[in-house]
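One file, protein.cif, carrying mmCIF, C-alpha atoms:
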data_data
loop_
_atom_site.label_atom_id
_atom_site.label_comp_id
_atom_site.auth_asym_id
_atom_site.auth_seq_id
_atom_site.Cartn_x
_atom_site.Cartn_y
_atom_site.Cartn_z
CA MET A 1 111.76 96.59 66.93
CA LEU A 2 114.60 94.92 68.78
CA GLN A 3 113.52 91.38 69.75
CA TRP A 4 116.71 90.31 71.47
CA GLU A 5 116.25 89.57 75.17
CA ALA A 6 119.21 91.01 77.02
CA GLY A 7 120.43 89.39 80.23
CA ASP A 8 120.30 91.27 83.51
CA ASP A 9 124.03 92.00 83.44
CA TRP A 10 124.16 92.78 79.75
CA LEU A 11 124.52 96.47 78.84
CA GLY A 12 124.85 97.25 82.54
CA GLY A 13 121.23 96.27 83.15
CA LEU A 14 119.84 98.63 80.50
CA LYS A 15 116.85 97.31 78.56
CA PRO A 16 116.38 97.73 74.80
CA LEU A 17 114.40 100.80 73.69
CA THR A 18 114.57 102.35 77.16
CA ALA A 19 116.74 105.11 78.62
CA PRO A 20 118.18 106.28 75.25
CA TRP A 21 120.72 108.68 76.80
CA SER A 22 122.04 105.89 79.04
CA HIS A 23 122.48 103.71 75.96
CA ILE A 24 124.39 106.50 74.21
CA GLN A 25 126.64 106.91 77.24
CA TYR A 26 127.25 103.19 77.31
CA VAL A 27 128.19 103.09 73.61
CA LEU A 28 130.57 106.03 74.07
CA SER A 29 132.24 104.37 77.07
CA ARG A 30 132.57 101.16 75.09
CA THR A 31 134.19 103.09 72.23
CA VAL A 32 136.70 104.68 74.60
CA HIS A 33 137.45 101.23 76.00
CA LEU A 34 138.07 99.82 72.53
CA LEU A 35 140.46 102.64 71.67
CA ASP A 36 142.54 102.06 74.82
CA ILE A 37 145.66 100.26 73.65
CA SER A 38 147.92 101.46 76.47
CA ASN A 39 146.89 98.60 78.76
CA HIS A 40 145.53 96.23 76.17
CA GLN A 41 147.55 93.19 77.22
CA VAL A 42 145.33 92.96 80.29
CA ASP A 43 142.35 92.21 78.05
CA ILE A 44 144.24 89.85 75.75
CA ASN A 45 145.39 87.83 78.74
CA PHE A 46 141.79 87.68 79.99
CA ASP A 47 142.83 89.13 83.35
CA HIS A 48 140.34 91.99 83.48
CA ASN A 49 141.19 94.77 85.89
CA ARG A 50 137.99 96.59 84.95
CA PRO A 51 134.37 95.49 84.44
CA ASP A 52 133.82 93.31 81.39
CA MET A 53 131.88 95.58 79.06
CA LYS A 54 129.38 93.48 77.14
CA THR A 55 127.54 94.71 74.06
CA ILE A 56 125.39 93.41 71.28
CA ASN A 57 128.46 93.85 69.05
CA TYR A 58 130.78 91.80 71.22
CA GLN A 59 132.95 90.96 68.18
CA LEU A 60 134.43 94.46 68.21
CA TRP A 61 137.07 93.33 70.70
CA THR A 62 139.29 92.83 67.64
CA MET A 63 139.37 96.55 66.82
CA PRO A 64 142.05 97.61 69.35
CA ILE A 65 144.07 94.51 68.44
CA GLU A 66 144.11 95.53 64.78
CA PHE A 67 144.94 99.12 65.67
CA ARG A 68 147.80 98.12 67.96
CA GLY A 69 149.14 95.66 65.38
CA SER A 70 149.02 98.29 62.65
CA CYS A 71 151.00 100.70 64.83
CA ALA A 72 153.58 97.96 65.50
CA VAL A 73 153.89 97.21 61.78
CA TYR A 74 154.39 100.89 60.96
CA LEU A 75 157.08 101.26 63.63
CA LEU A 76 158.93 98.12 62.50
CA LEU A 77 158.85 99.19 58.85
CA LEU A 78 160.34 102.55 59.78
CA THR A 79 162.99 100.87 61.94
CA PHE A 80 164.18 98.25 59.44
CA SER A 81 163.50 99.98 56.13
CA PHE A 82 167.20 100.84 55.57
CA TRP A 83 168.56 97.47 56.68
CA ARG A 84 169.90 94.92 54.22
CA PRO A 85 167.45 92.05 53.50
CA GLN A 86 169.20 89.26 55.42
CA PRO A 87 169.67 91.15 58.72
CA ARG A 88 166.13 92.51 58.37
CA TYR A 89 164.68 88.98 58.07
CA LEU A 90 166.62 87.83 61.11
CA ALA A 91 165.58 90.84 63.18
CA LEU A 92 161.90 90.48 62.27
CA ALA A 93 162.02 86.75 63.00
CA GLY A 94 163.55 87.52 66.39
CA VAL A 95 160.84 90.07 67.19
CA ALA A 96 158.14 87.59 66.13
CA LEU A 97 159.61 84.83 68.30
CA TYR A 98 159.89 87.19 71.27
CA TRP A 99 156.24 88.20 71.06
CA PHE A 100 155.23 84.56 70.60
CA TYR A 101 157.16 83.66 73.75
CA MET A 102 155.54 86.53 75.68
CA GLY A 103 152.06 85.44 74.57
CA HIS A 104 151.35 88.41 72.31
CA TRP A 105 149.81 86.18 69.66
CA ASP A 106 148.33 89.16 67.81
CA LEU A 107 151.64 91.01 67.46
CA PHE A 108 153.36 87.77 66.47
CA SER A 109 150.82 87.39 63.65
CA PHE A 110 151.39 90.94 62.40
CA VAL A 111 155.17 90.54 62.33
CA ALA A 112 154.85 87.14 60.65
CA GLY A 113 152.74 88.88 58.02
CA ILE A 114 155.60 91.32 57.39
CA LEU A 115 157.96 88.36 56.93
CA LEU A 116 155.60 86.69 54.46
CA ALA A 117 155.30 89.94 52.51
CA GLU A 118 159.09 90.37 52.52
CA ARG A 119 159.68 86.87 51.18
CA HIS A 120 156.99 87.30 48.52
CA ALA A 121 158.51 90.58 47.34
CA ALA A 122 161.99 89.04 47.34
CA SER A 123 160.86 86.04 45.27
CA GLU A 124 159.23 88.33 42.72
CA SER A 125 162.40 90.42 42.38
CA GLU A 126 164.49 87.26 42.00
CA GLN A 127 162.20 86.06 39.21
CA ASP A 128 162.56 89.42 37.47
CA GLY A 129 166.33 89.13 37.77
CA GLU A 130 166.37 85.63 36.27
CA ILE A 131 164.32 86.80 33.31
CA ALA A 132 166.71 89.68 32.66
CA LEU A 133 169.76 87.40 32.85
CA SER A 134 168.25 84.81 30.53
CA TYR A 135 167.46 87.54 28.01
CA SER A 136 171.11 88.60 27.88
CA SER A 137 172.40 85.00 27.69
CA PRO A 138 173.21 83.27 24.41
CA PRO A 139 170.16 81.55 22.83
CA LEU A 140 171.82 78.14 22.69
CA GLU A 141 172.41 78.09 26.45
CA ILE A 142 168.72 78.76 27.11
CA GLN A 143 167.45 76.17 24.68
CA LYS A 144 169.84 73.40 25.71
CA PRO A 145 170.37 73.36 29.48
CA ASP A 146 172.78 70.73 30.72
CA ALA A 147 171.63 67.66 32.66
CA LYS A 148 172.92 68.93 36.00
CA SER A 149 170.95 72.17 35.74
CA TRP A 150 167.81 70.21 34.82
CA ASN A 151 168.27 67.87 37.79
CA ARG A 152 168.76 70.80 40.14
CA LEU A 153 165.57 72.38 38.80
CA ILE A 154 163.56 69.17 39.33
CA GLU A 155 164.96 68.77 42.84
CA SER A 156 164.12 72.39 43.69
CA VAL A 157 160.52 72.02 42.46
CA TYR A 158 160.09 68.78 44.41
CA LEU A 159 161.42 70.33 47.62
CA GLN A 160 159.20 73.38 47.16
CA GLN A 161 156.09 71.19 46.76
CA LEU A 162 157.08 69.15 49.80
CA ARG A 163 157.60 72.31 51.88
CA THR A 164 154.28 73.76 50.75
CA SER A 165 152.36 70.55 51.51
CA ALA A 166 153.95 70.21 54.93
CA SER A 167 153.18 73.85 55.76
CA PHE A 168 149.54 73.47 54.74
CA ILE A 169 148.99 70.23 56.67
CA LEU A 170 150.74 71.52 59.79
CA GLY A 171 148.94 74.84 59.54
CA MET A 172 145.52 73.20 59.37
CA TYR A 173 146.54 70.99 62.28
CA PHE A 174 147.25 74.01 64.46
CA LEU A 175 144.16 75.90 63.25
CA CYS A 176 141.96 73.02 64.38
CA MET A 177 143.30 73.31 67.93
CA CYS A 178 140.52 74.26 70.31
CA GLY A 179 139.81 74.23 73.99
CA ALA A 180 141.78 75.79 76.78
CA ASP A 181 140.91 73.90 79.93
CA ARG A 182 141.29 70.50 78.33
CA LEU A 183 143.39 69.86 75.24
CA ALA A 184 142.59 67.01 72.87
CA TRP A 185 145.04 64.14 73.08
CA GLU A 186 146.61 64.92 69.68
CA TYR A 187 147.69 68.35 70.97
CA ARG A 188 148.91 67.43 74.43
CA TRP A 189 152.51 67.12 73.26
CA LEU A 190 152.50 70.91 72.87
CA VAL A 191 152.31 71.30 76.65
CA VAL A 192 156.10 70.79 76.83
CA THR A 193 156.52 73.89 74.62
CA ARG A 194 154.36 76.06 76.87
CA SER A 195 155.98 79.41 77.63
CA PRO A 196 156.15 80.38 81.32
CA GLU A 197 154.74 83.77 80.24
CA TRP A 198 151.46 82.19 79.11
CA ASP A 199 149.61 82.87 82.35
CA ASN A 200 146.18 81.90 81.03
CA ALA A 201 145.04 78.58 79.59
CA GLU A 202 143.49 80.27 76.55
CA MET A 203 146.79 81.79 75.47
CA MET A 204 148.40 78.52 74.33
CA PRO A 205 145.73 77.61 71.74
CA ARG A 206 145.60 81.22 70.54
CA CYS A 207 149.36 81.34 70.04
CA TRP A 208 149.48 78.03 68.18
CA ARG A 209 146.45 78.88 66.07
CA SER A 210 148.34 82.02 65.03
CA VAL A 211 151.21 79.80 63.92
CA GLY A 212 148.70 77.69 61.99
CA ALA A 213 147.34 80.77 60.24
CA VAL A 214 150.83 81.86 59.20
CA LEU A 215 151.74 78.41 57.85
CA THR A 216 148.44 78.10 55.97
CA ILE A 217 148.79 81.52 54.35
CA TYR A 218 152.37 80.71 53.36
CA ALA A 219 151.26 77.45 51.74
CA ILE A 220 148.44 79.16 49.84
CA SER A 221 150.81 81.85 48.57
CA LYS A 222 153.08 79.14 47.11
CA SER A 223 150.47 76.79 45.64
CA ALA A 224 148.39 77.50 42.54
CA LEU A 225 146.23 74.48 43.44
CA LEU A 226 145.28 75.99 46.81
CA GLN A 227 144.71 79.40 45.24
CA ARG A 228 142.34 78.08 42.58
CA PRO A 229 139.19 77.73 44.75
CA LEU A 230 139.93 81.07 46.44
CA ASN A 231 139.98 82.76 43.03
CA SER A 232 136.44 81.64 42.23
CA ARG A 233 133.86 84.41 41.96
CA PRO A 234 131.75 83.39 45.02
CA LEU A 235 134.75 83.21 47.34
CA ARG A 236 136.23 86.42 45.96
CA TYR A 237 132.93 88.15 46.67
CA LEU A 238 132.84 86.74 50.19
CA GLY A 239 136.38 88.03 50.64
CA LYS A 240 135.27 91.49 49.55
CA ILE A 241 132.44 91.63 52.11
CA SER A 242 134.20 89.56 54.80
CA PHE A 243 134.93 92.51 57.08
CA PRO A 244 131.44 94.05 56.85
CA LEU A 245 130.02 90.56 57.37
CA TYR A 246 132.11 90.21 60.51
CA LEU A 247 130.78 93.54 61.78
CA VAL A 248 127.07 92.98 61.17
CA HIS A 249 126.52 89.26 61.74
CA PRO A 250 126.02 89.32 65.56
CA THR A 251 123.47 92.12 65.34
CA VAL A 252 121.49 90.39 62.59
CA TYR A 253 121.58 87.09 64.47
CA LEU A 254 120.63 88.45 67.88
CA VAL A 255 117.87 90.72 66.58
CA LEU A 256 116.21 88.44 64.00
CA LYS A 257 116.86 84.87 65.15
CA LYS A 258 113.98 84.58 67.58
CA PRO A 259 111.17 86.19 65.51
CA VAL A 260 112.16 84.34 62.32
CA ARG A 261 112.47 80.98 64.09
CA ASP A 262 109.17 81.43 65.92
CA PHE A 263 107.37 82.48 62.73
CA LEU A 264 108.64 79.48 60.74
CA TRP A 265 107.60 77.13 63.54
CA TRP A 266 104.15 78.71 63.71
CA ALA A 267 103.74 78.64 59.90
CA PHE A 268 104.46 74.89 59.85
CA THR A 269 102.70 73.75 63.05
CA ARG A 270 100.22 76.57 63.78
CA THR A 271 101.39 76.48 67.38
CA PRO A 272 103.74 78.76 69.35
CA TYR A 273 107.38 77.74 69.54
CA PRO A 274 107.60 75.57 72.69
CA GLY A 275 111.31 75.94 73.37
CA THR A 276 114.36 74.18 71.96
CA ILE A 277 114.12 71.00 74.07
CA GLU A 278 110.44 70.42 73.36
CA ALA A 279 110.72 71.45 69.71
CA SER A 280 113.58 69.01 69.11
CA LYS A 281 111.17 66.12 69.70
CA TYR A 282 109.49 66.97 66.38
CA ALA A 283 112.22 66.39 63.83
CA LEU A 284 110.71 67.86 60.65
CA PRO A 285 109.32 71.18 61.99
CA PHE A 286 112.42 71.60 64.15
CA PHE A 287 114.64 71.12 61.10
CA ILE A 288 112.57 73.52 58.99
CA ALA A 289 112.47 76.20 61.69
CA TRP A 290 116.21 76.19 62.36
CA MET A 291 117.51 75.57 58.84
CA GLY A 292 115.07 78.13 57.45
CA THR A 293 116.24 80.62 60.06
CA MET A 294 119.88 80.02 59.16
CA LEU A 295 119.15 80.44 55.45
CA LEU A 296 117.11 83.62 55.85
CA LEU A 297 119.53 85.19 58.31
CA GLY A 298 122.42 84.29 56.00
CA ILE A 299 120.73 86.15 53.15
CA VAL A 300 120.07 89.16 55.37
CA MET A 301 123.69 89.16 56.58
CA VAL A 302 125.04 89.13 53.01
CA MET A 303 122.69 91.94 51.96
CA ALA A 304 123.59 94.02 55.02
CA SER A 305 127.29 93.39 54.39
CA GLU A 306 126.96 94.51 50.78
CA LEU A 307 125.22 97.72 51.82
CA TRP A 308 127.82 98.33 54.54
CA ASN A 309 130.66 97.77 52.07
CA ARG A 310 129.11 100.05 49.50
CA PHE A 311 127.93 102.95 51.65
CA VAL A 312 130.27 102.82 54.67
CA ASP A 313 133.54 101.07 53.85
CA MET A 314 134.03 102.60 50.41
CA LYS A 315 133.13 106.05 51.71
CA CYS A 316 135.58 105.68 54.60
CA ILE A 317 138.34 104.54 52.23
CA GLY A 318 137.74 107.56 50.02
CA LEU A 319 137.78 109.85 53.06
CA ALA A 320 141.03 108.27 54.30
CA ARG A 321 142.68 108.76 50.91
CA ARG A 322 141.66 112.41 50.82
CA PHE A 323 143.03 112.88 54.33
CA ASP A 324 146.29 111.15 53.36
CA LYS A 325 146.61 113.39 50.32
CA TRP A 326 145.92 116.46 52.42
CA VAL A 327 148.53 115.68 55.10
CA SER A 328 151.14 114.40 52.62
CA CYS A 329 151.21 117.28 50.16
#

Conversion result in structure tokens:
Amino acid sequence: MLQWEAGDDWLGGLKPLTAPWSHIQYVLSRTVHLLDISNHQVDINFDHNRPDMKTINYQLWTMPIEFRGSCAVYLLLLTFSFWRPQPRYLALAGVALYWFYMGHWDLFSFVAGILLAERHAASESEQDGEIALSYSSPPLEIQKPDAKSWNRLIESVYLQQLRTSASFILGMYFLCMCGADRLAWEYRWLVVTRSPEWDNAEMMPRCWRSVGAVLTIYAISKSALLQRPLNSRPLRYLGKISFPLYLVHPTVYLVLKKPVRDFLWWAFTRTPYPGTIEASKYALPFFIAWMGTMLLLGIVMVMASELWNRFVDMKCIGLARRFDKWVSC
């Protein structure tokens, strides 16, 4: 049974477990809204020209952003696929800067991802080329490089490490940026870089956090030290279920938080949960109730994510591959 207490304006005033056809209509209208990318900038800019449609799965606002970004990536790949590498990098960088200036932080992130992928592919091809050249070179030249070549190699490695460290530090700095109405003092210097197209206070931190994400990903792609913890089995597993976890976590939290918290409080004190303010006066039962709730809900979220990944995501991927094979052959 759904235990979540919806507000009066939530779900258009519909109550859980009542008016099932009205709930179905609401879900369908929400789905249509999510698929509308023709006027999506209105929602990204937080200037709603239509009622704000609230749901128990409020995190699904990212779906049209991902769909629009994927369409943009596909179009850009088709446009620049026959260009030479250097002009293609410059054109993509120009497109990314334009969308950053216009406040399309999501499209900027997608294009920056194309640039990162381009550079990664180019570096791999350059490494393959160096191996082939060294194989055809005389053995003595490989075994005994001159002092100038060695110094250039050391300098190149040092500069690469410095660039990677600076990118990671600056990226984390931007990722930690929060707040729209009032910026922390260490970020106020960014006000001078504010684009006149950023017509909402929330757009500046979103744009700069996107820059932080790009810089951080670039640093991780260049550093074996930063990649090492991400290659551990627990984090690789969390990466595998990260998208299902993102999808299910609000529902699990909103549905189970209250009954689990109230039960743990009752099991420890044998009294009903008095409310957060009153309960906080009793440190130990308050700690047990809330930490126990977080632990149990975390376990449920991981289990639900695993089931979603296994029986929904994998099935959808298989279906998409069969469809791609059908339309491509």

Spatial neighbours of A:Glu306, max dist 10 Å, all atoms listed in the file, sep filter under 2 positions, as a PyMOL selection string:
chain A and resi 237-238+240-242+244-245+300-304+308-313

What are the centre and the three edge lengths of an axis-aligned box that wraps all atoms of stretch 212-216 of chain A in the file, given that 3 Å is added to every side, written as JSON and rounded to one decimal in Å?
{"center_x": 149.5, "center_y": 79.8, "center_z": 59.0, "size_x": 10.4, "size_y": 10.2, "size_z": 12.0}

Run the PyMOL selection byres ((chain A and resi 261) around 10) mentally over the shown coordinates, then write out the matched residues as a PyMOL selection string, using the chain letters and numbers from the document.
chain A and resi 256-260+262-267+273+286+288-294+296

Output for the residues just chosen: C-alpha atoms as a PDB file, keeping the file's coordinate frame:
ATOM      1  CA  LEU A 256     116.210  88.440  64.000  1.00  0.00           C
ATOM      2  CA  LYS A 257     116.860  84.870  65.150  1.00  0.00           C
ATOM      3  CA  LYS A 258     113.980  84.580  67.580  1.00  0.00           C
ATOM      4  CA  PRO A 259     111.170  86.190  65.510  1.00  0.00           C
ATOM      5  CA  VAL A 260     112.160  84.340  62.320  1.00  0.00           C
ATOM      6  CA  ASP A 262     109.170  81.430  65.920  1.00  0.00           C
ATOM      7  CA  PHE A 263     107.370  82.480  62.730  1.00  0.00           C
ATOM      8  CA  LEU A 264     108.640  79.480  60.740  1.00  0.00           C
ATOM      9  CA  TRP A 265     107.600  77.130  63.540  1.00  0.00           C
ATOM     10  CA  TRP A 266     104.150  78.710  63.710  1.00  0.00           C
ATOM     11  CA  ALA A 267     103.740  78.640  59.900  1.00  0.00           C
ATOM     12  CA  TYR A 273     107.380  77.740  69.540  1.00  0.00           C
ATOM     13  CA  PHE A 286     112.420  71.600  64.150  1.00  0.00           C
ATOM     14  CA  ILE A 288     112.570  73.520  58.990  1.00  0.00           C
ATOM     15  CA  ALA A 289     112.470  76.200  61.690  1.00  0.00           C
ATOM     16  CA  TRP A 290     116.210  76.190  62.360  1.00  0.00           C
ATOM     17  CA  MET A 291     117.510  75.570  58.840  1.00  0.00           C
ATOM     18  CA  GLY A 292     115.070  78.130  57.450  1.00  0.00           C
ATOM     19  CA  THR A 293     116.240  80.620  60.060  1.00  0.00           C
ATOM     20  CA  MET A 294     119.880  80.020  59.160  1.00  0.00           C
ATOM     21  CA  LEU A 296     117.110  83.620  55.850  1.00  0.00           C
TER      22      LEU A 296
END

Kindly resolve the PyMOL selection byres ((chain A and resi 104) around 12) on the present coordinates and return the residues as a PyMOL selection string.
chain A and resi 40-45+65+68-69+72+95-103+105-111+195+197-199+203-204+206-208+210

How many Å lie between atom CA of A:His120 and atom CA of A:Pro85, rounded to one decimal?
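About the pair atom CA of A:His120 and atom CA of A:Pro85: they are 12.5 Å apart.
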
Distance in Å - atom CA of A:Thr251 versus atom CA of A:Asn57:
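Distance between the two atoms: 6.5 Å.
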
Quick check, in Å to one decimal: how far apart do atom CA of A:Phe268 and atom CA of A:Pro285 lie?
6.5 Å

Counting all atoms listed in the file, which of A:Ser328, A:Thr276, A:Thr216, A:Thr18 gets nearest to A:Phe174?
A:Thr216
